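Participant: Please see the structure below; I have some questions.
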Amino acid sequence: MPAEPTPALLPQAASWLHRRSWSAADRPVHTLLEAKRRTRQTVSVVLPALDEEATVGDIVRTVRRELMDRIPLVDELVVLDSGSTDATATVAAEAGARVEQRDAILPRLPAVPGKGEVLWRSLLVTHGDIVCFVDADLREFDPAFVSGILGPLLTEPDIQLVKAMYDRPLETDSGAILPAGGGRVTELVARPLLNLHWPELAGFVQPLGGEYAARRSLLERLPFPTGYGVELGLLVDALELVGLDALAQVDVGVRHHRHQDGQALGRMAATIYRTALERLDRTHRLKASADLVHPHLTQFTRDPETRAFTAHSHPVTALERPPMHTVPEYAARH
């Protein structure tokens, strides 16, 4: 759970950060199973996958062994293949997942490339009351990535969407590991956009994270950006539709995954920026820099002693000087 928030957060965001942030350990798996039986909710886990033969099998085996066979928390495990040219589908099926092909779902509407397209189509081939999305490129996969984010949805009837939060170490080509070096698009693009235009969402540690769960009744009412903007789009639209208090986040530890090169990150950033612009235009919230809703940026670091995420806020300045020829003192000298 994040430490005490800094004063620059909006009061509602600071309150949310304290009340709607948990650790996976706060809800042991047996309590989730009891809640699931009591409420009779069903759970689908979806892995969108494109050429992930190296990692998808381990994730599927872990979910099936720990959360289906050992403890029946997950009812449906689906790998949705978006046109892999490697053995992703075979590996996933052999590990115990049901594999669905993107292009075979809703064939009257030709599929377009992109993660959001796959997530959207997954709603047509899954049945769970709660749908949990997990990226298929994770390494050292922990079942808490699933059980942790399911927890608030199974035990808190007012919660509609839960994001995972975690550390994202960056492994460099030289073998060095930067403990918090991952999530570069989050820090350089998504977090500034959210902080400046949707400051209610400033408390999300990993707004672009691919591990999140939501009620089907919410997902079926949301538009899905087809590309990399899907996570930001769903988060912003969920805020507009159900309000901040229906959203939550859960600390699941550390996320290890494949990192993209600089050009791929640039394409991702551009798509996310356009997704944000579409929503700002649609809701008439696109403002000049001097009129930003909340000109602060809140960032998070993990405290090495308490292991809590600590929020740090910084002002985002937009002061501009006028053209020099308009300054009287300059005009007098020239």
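Ordering of the structure tokens sets the chain letters (A, B, ...); residue numbers start at 1 within each chain; ligands are numbered from 1 in the order shown.
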DSSP says alpha helix (DSSP H) for which residues of segment 90-199 of chain A? Put them as a CSV table (one decimal) with N, CA and C atoms, in the first residue's frame?

Facilitator:
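File written: part-v5.csv
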```csv
chain,number,residue,atom,x,y,z
A,90,THR,N,0.4,-23.6,-30.0
A,90,THR,CA,0.6,-25.0,-29.6
A,90,THR,C,1.1,-25.1,-28.1
A,91,VAL,N,2.0,-24.2,-27.8
A,91,VAL,CA,2.6,-24.2,-26.4
A,91,VAL,C,1.5,-23.9,-25.4
A,92,ALA,N,0.6,-22.9,-25.7
A,92,ALA,CA,-0.4,-22.6,-24.8
A,92,ALA,C,-1.4,-23.7,-24.6
A,93,ALA,N,-1.8,-24.3,-25.7
A,93,ALA,CA,-2.8,-25.4,-25.6
A,93,ALA,C,-2.2,-26.6,-24.8
A,94,GLU,N,-1.0,-26.9,-25.1
A,94,GLU,CA,-0.3,-28.1,-24.4
A,94,GLU,C,-0.2,-27.8,-22.9
A,95,ALA,N,-0.1,-26.5,-22.5
A,95,ALA,CA,0.1,-26.1,-21.1
A,95,ALA,C,-1.3,-26.1,-20.4
A,115,LYS,N,-3.2,-4.7,-29.6
A,115,LYS,CA,-3.6,-5.4,-28.4
A,115,LYS,C,-5.0,-5.1,-28.0
A,116,GLY,N,-5.5,-3.9,-28.2
A,116,GLY,CA,-6.8,-3.5,-27.8
A,116,GLY,C,-7.9,-4.3,-28.6
A,117,GLU,N,-7.6,-4.5,-29.9
A,117,GLU,CA,-8.5,-5.3,-30.7
A,117,GLU,C,-8.6,-6.7,-30.1
A,118,VAL,N,-7.6,-7.3,-29.7
A,118,VAL,CA,-7.6,-8.7,-29.1
A,118,VAL,C,-8.4,-8.7,-27.8
A,119,LEU,N,-8.2,-7.7,-27.0
A,119,LEU,CA,-8.9,-7.7,-25.7
A,119,LEU,C,-10.4,-7.5,-25.9
A,120,TRP,N,-10.7,-6.6,-26.9
A,120,TRP,CA,-12.1,-6.4,-27.2
A,120,TRP,C,-12.8,-7.7,-27.7
A,121,ARG,N,-12.2,-8.4,-28.6
A,121,ARG,CA,-12.7,-9.6,-29.2
A,121,ARG,C,-12.8,-10.7,-28.1
A,122,SER,N,-12.0,-10.7,-27.1
A,122,SER,CA,-12.0,-11.7,-26.1
A,122,SER,C,-13.3,-11.7,-25.3
A,144,ALA,N,-0.1,-14.4,-7.9
A,144,ALA,CA,-0.6,-13.2,-7.3
A,144,ALA,C,-1.0,-12.2,-8.3
A,145,PHE,N,-0.4,-12.2,-9.5
A,145,PHE,CA,-0.7,-11.3,-10.5
A,145,PHE,C,-2.2,-11.5,-10.9
A,146,VAL,N,-2.7,-12.7,-10.7
A,146,VAL,CA,-4.2,-12.9,-11.0
A,146,VAL,C,-5.0,-12.8,-9.7
A,147,SER,N,-4.6,-13.6,-8.7
A,147,SER,CA,-5.4,-13.6,-7.5
A,147,SER,C,-5.4,-12.2,-6.8
A,148,GLY,N,-4.3,-11.5,-6.8
A,148,GLY,CA,-4.2,-10.2,-6.2
A,148,GLY,C,-5.2,-9.2,-6.7
A,149,ILE,N,-5.3,-9.1,-8.1
A,149,ILE,CA,-6.3,-8.1,-8.7
A,149,ILE,C,-7.7,-8.6,-8.7
A,150,LEU,N,-7.9,-10.0,-8.5
A,150,LEU,CA,-9.3,-10.5,-8.4
A,150,LEU,C,-9.8,-10.1,-7.0
A,151,GLY,N,-8.9,-10.0,-6.0
A,151,GLY,CA,-9.4,-9.9,-4.6
A,151,GLY,C,-10.4,-8.8,-4.4
A,152,PRO,N,-10.2,-7.6,-4.7
A,152,PRO,CA,-11.2,-6.5,-4.4
A,152,PRO,C,-12.5,-6.7,-5.2
A,153,LEU,N,-12.4,-7.3,-6.4
A,153,LEU,CA,-13.6,-7.5,-7.2
A,153,LEU,C,-14.5,-8.6,-6.5
A,154,LEU,N,-13.9,-9.6,-5.9
A,154,LEU,CA,-14.6,-10.7,-5.3
A,154,LEU,C,-15.1,-10.3,-3.9
A,155,THR,N,-14.5,-9.4,-3.3
A,155,THR,CA,-14.9,-9.1,-1.9
A,155,THR,C,-15.5,-7.7,-1.7
A,184,ARG,N,9.1,3.1,-19.2
A,184,ARG,CA,9.5,4.4,-19.7
A,184,ARG,C,8.4,5.2,-20.3
A,185,VAL,N,7.5,4.5,-21.0
A,185,VAL,CA,6.4,5.2,-21.7
A,185,VAL,C,5.4,5.7,-20.6
A,191,ARG,N,1.9,9.1,-17.5
A,191,ARG,CA,1.7,9.7,-16.2
A,191,ARG,C,1.5,11.3,-16.3
A,192,PRO,N,2.4,11.9,-17.2
A,192,PRO,CA,2.1,13.4,-17.3
A,192,PRO,C,0.7,13.7,-17.9
A,193,LEU,N,0.3,12.9,-18.9
A,193,LEU,CA,-1.1,13.1,-19.4
A,193,LEU,C,-2.2,13.0,-18.4
A,194,LEU,N,-2.1,11.9,-17.6
A,194,LEU,CA,-3.1,11.7,-16.6
A,194,LEU,C,-3.0,12.7,-15.5
A,195,ASN,N,-1.8,13.0,-15.0
A,195,ASN,CA,-1.7,14.0,-13.9
A,195,ASN,C,-2.2,15.4,-14.3
A,196,LEU,N,-2.0,15.8,-15.6
A,196,LEU,CA,-2.4,17.1,-16.0
A,196,LEU,C,-3.9,17.2,-16.4
A,197,HIS,N,-4.4,16.2,-17.0
A,197,HIS,CA,-5.8,16.3,-17.5
A,197,HIS,C,-6.8,15.4,-16.8
```

Participant: Contacts between segment 300-305 of chain A and segment 165-237 of chain A, please, where a residue of segment 165-237 of chain A counts if it comes within 12 Å (with only C-alpha atoms); show its shortest atom pair and distance in Å to one decimal, rows by chain and ascending number, as a Markdown table.

Facilitator:
```
| residue | atom | partner | partner_atom | distance |
| --- | --- | --- | --- | --- |
| A:Met165 | CA | A:Phe300 | CA | 10.6 |
| A:Tyr166 | CA | A:Arg302 | CA | 9.1 |
| A:Asp167 | CA | A:Arg302 | CA | 7.7 |
| A:Arg168 | CA | A:Arg302 | CA | 10.8 |
| A:Pro169 | CA | A:Arg302 | CA | 11.8 |
| A:Pro179 | CA | A:Arg302 | CA | 9.7 |
| A:Ala180 | CA | A:Thr301 | CA | 7.9 |
| A:Gly181 | CA | A:Thr301 | CA | 10.9 |
| A:Gly183 | CA | A:Phe300 | CA | 11.7 |
| A:Thr186 | CA | A:Phe300 | CA | 11.4 |
| A:Glu187 | CA | A:Phe300 | CA | 9.8 |
| A:Arg191 | CA | A:Phe300 | CA | 10.5 |
| A:Ala202 | CA | A:Phe300 | CA | 10.1 |
| A:Gly203 | CA | A:Phe300 | CA | 8.8 |
| A:Phe204 | CA | A:Phe300 | CA | 9.1 |
| A:Val205 | CA | A:Phe300 | CA | 6.5 |
| A:Gln206 | CA | A:Phe300 | CA | 9.4 |
| A:Pro207 | CA | A:Phe300 | CA | 11.9 |
```

Participant: Between segment 5-44 of chain A and segment 61-84 of chain A, at 8 Å or less, what are the per-residue closest atom pairs and their distances in Å? Count only C-alpha atoms, order by chain and rising residue number, and return it as a Markdown table.

Facilitator:
```
| residue | atom | partner | partner_atom | distance |
| --- | --- | --- | --- | --- |
| A:Leu32 | CA | A:Leu73 | CA | 7.6 |
| A:Leu33 | CA | A:Leu73 | CA | 6.0 |
| A:Lys36 | CA | A:Leu73 | CA | 7.4 |
| A:Thr42 | CA | A:Asp75 | CA | 6.2 |
| A:Val43 | CA | A:Val74 | CA | 5.2 |
| A:Ser44 | CA | A:Glu76 | CA | 4.6 |
```

Participant: Could those selected residues go to a file with N, CA, C and O atoms, as a PDB file, in the first residue's frame?

Facilitator:
```pdb
ATOM      1  N   LEU A  32     -10.609 -15.424  -0.782  1.00  0.00           N
ATOM      2  CA  LEU A  32     -11.170 -15.127  -2.100  1.00  0.00           C
ATOM      3  C   LEU A  32     -12.064 -16.266  -2.564  1.00  0.00           C
ATOM      4  O   LEU A  32     -13.123 -16.030  -3.158  1.00  0.00           O
ATOM      5  N   LEU A  33     -11.634 -17.482  -2.303  1.00  0.00           N
ATOM      6  CA  LEU A  33     -12.445 -18.627  -2.700  1.00  0.00           C
ATOM      7  C   LEU A  33     -13.775 -18.650  -1.951  1.00  0.00           C
ATOM      8  O   LEU A  33     -14.824 -18.929  -2.543  1.00  0.00           O
ATOM      9  N   LYS A  36     -15.918 -16.025  -3.542  1.00  0.00           N
ATOM     10  CA  LYS A  36     -16.373 -16.468  -4.858  1.00  0.00           C
ATOM     11  C   LYS A  36     -17.551 -17.436  -4.726  1.00  0.00           C
ATOM     12  O   LYS A  36     -18.544 -17.332  -5.465  1.00  0.00           O
ATOM     13  N   THR A  42     -18.163 -15.824 -11.501  1.00  0.00           N
ATOM     14  CA  THR A  42     -17.244 -16.634 -12.291  1.00  0.00           C
ATOM     15  C   THR A  42     -16.121 -15.750 -12.829  1.00  0.00           C
ATOM     16  O   THR A  42     -16.291 -14.543 -13.016  1.00  0.00           O
ATOM     17  N   VAL A  43     -14.971 -16.382 -13.083  1.00  0.00           N
ATOM     18  CA  VAL A  43     -13.761 -15.642 -13.446  1.00  0.00           C
ATOM     19  C   VAL A  43     -13.161 -16.199 -14.724  1.00  0.00           C
ATOM     20  O   VAL A  43     -12.937 -17.412 -14.848  1.00  0.00           O
ATOM     21  N   SER A  44     -12.876 -15.314 -15.668  1.00  0.00           N
ATOM     22  CA  SER A  44     -12.144 -15.664 -16.882  1.00  0.00           C
ATOM     23  C   SER A  44     -10.794 -14.963 -16.873  1.00  0.00           C
ATOM     24  O   SER A  44     -10.716 -13.779 -16.545  1.00  0.00           O
TER      25      SER A  44
END
```

Participant: Determine, counting only C-alpha atoms, which protein, DNA and RNA residues have an atom within 8 Å of an atom of Thr55 of chain A; residues of the same chain fewer than 5 positions away are not included. Present the result as a PyMOL selection string.

Facilitator: chain A and resi 136-139

Participant: From the options A:Met268, A:Leu244, A:Ala35, A:Val134, which residue's atoms come nearest to Ile59 of chain A, counting only C-alpha atoms?

Facilitator: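 Of A:Met268, A:Leu244, A:Ala35, A:Val134, the one nearest Ile59 of chain A, counting only C-alpha atoms, is A:Val134.
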
Participant: Where in segment 113-301 of chain A does DSSP assign strand (DSSP E), given as a ChimeraX atom specification?

Facilitator: /A:130-133,138-139,161-167,170-171,177-178,212-215,247-254,256-257,296-301
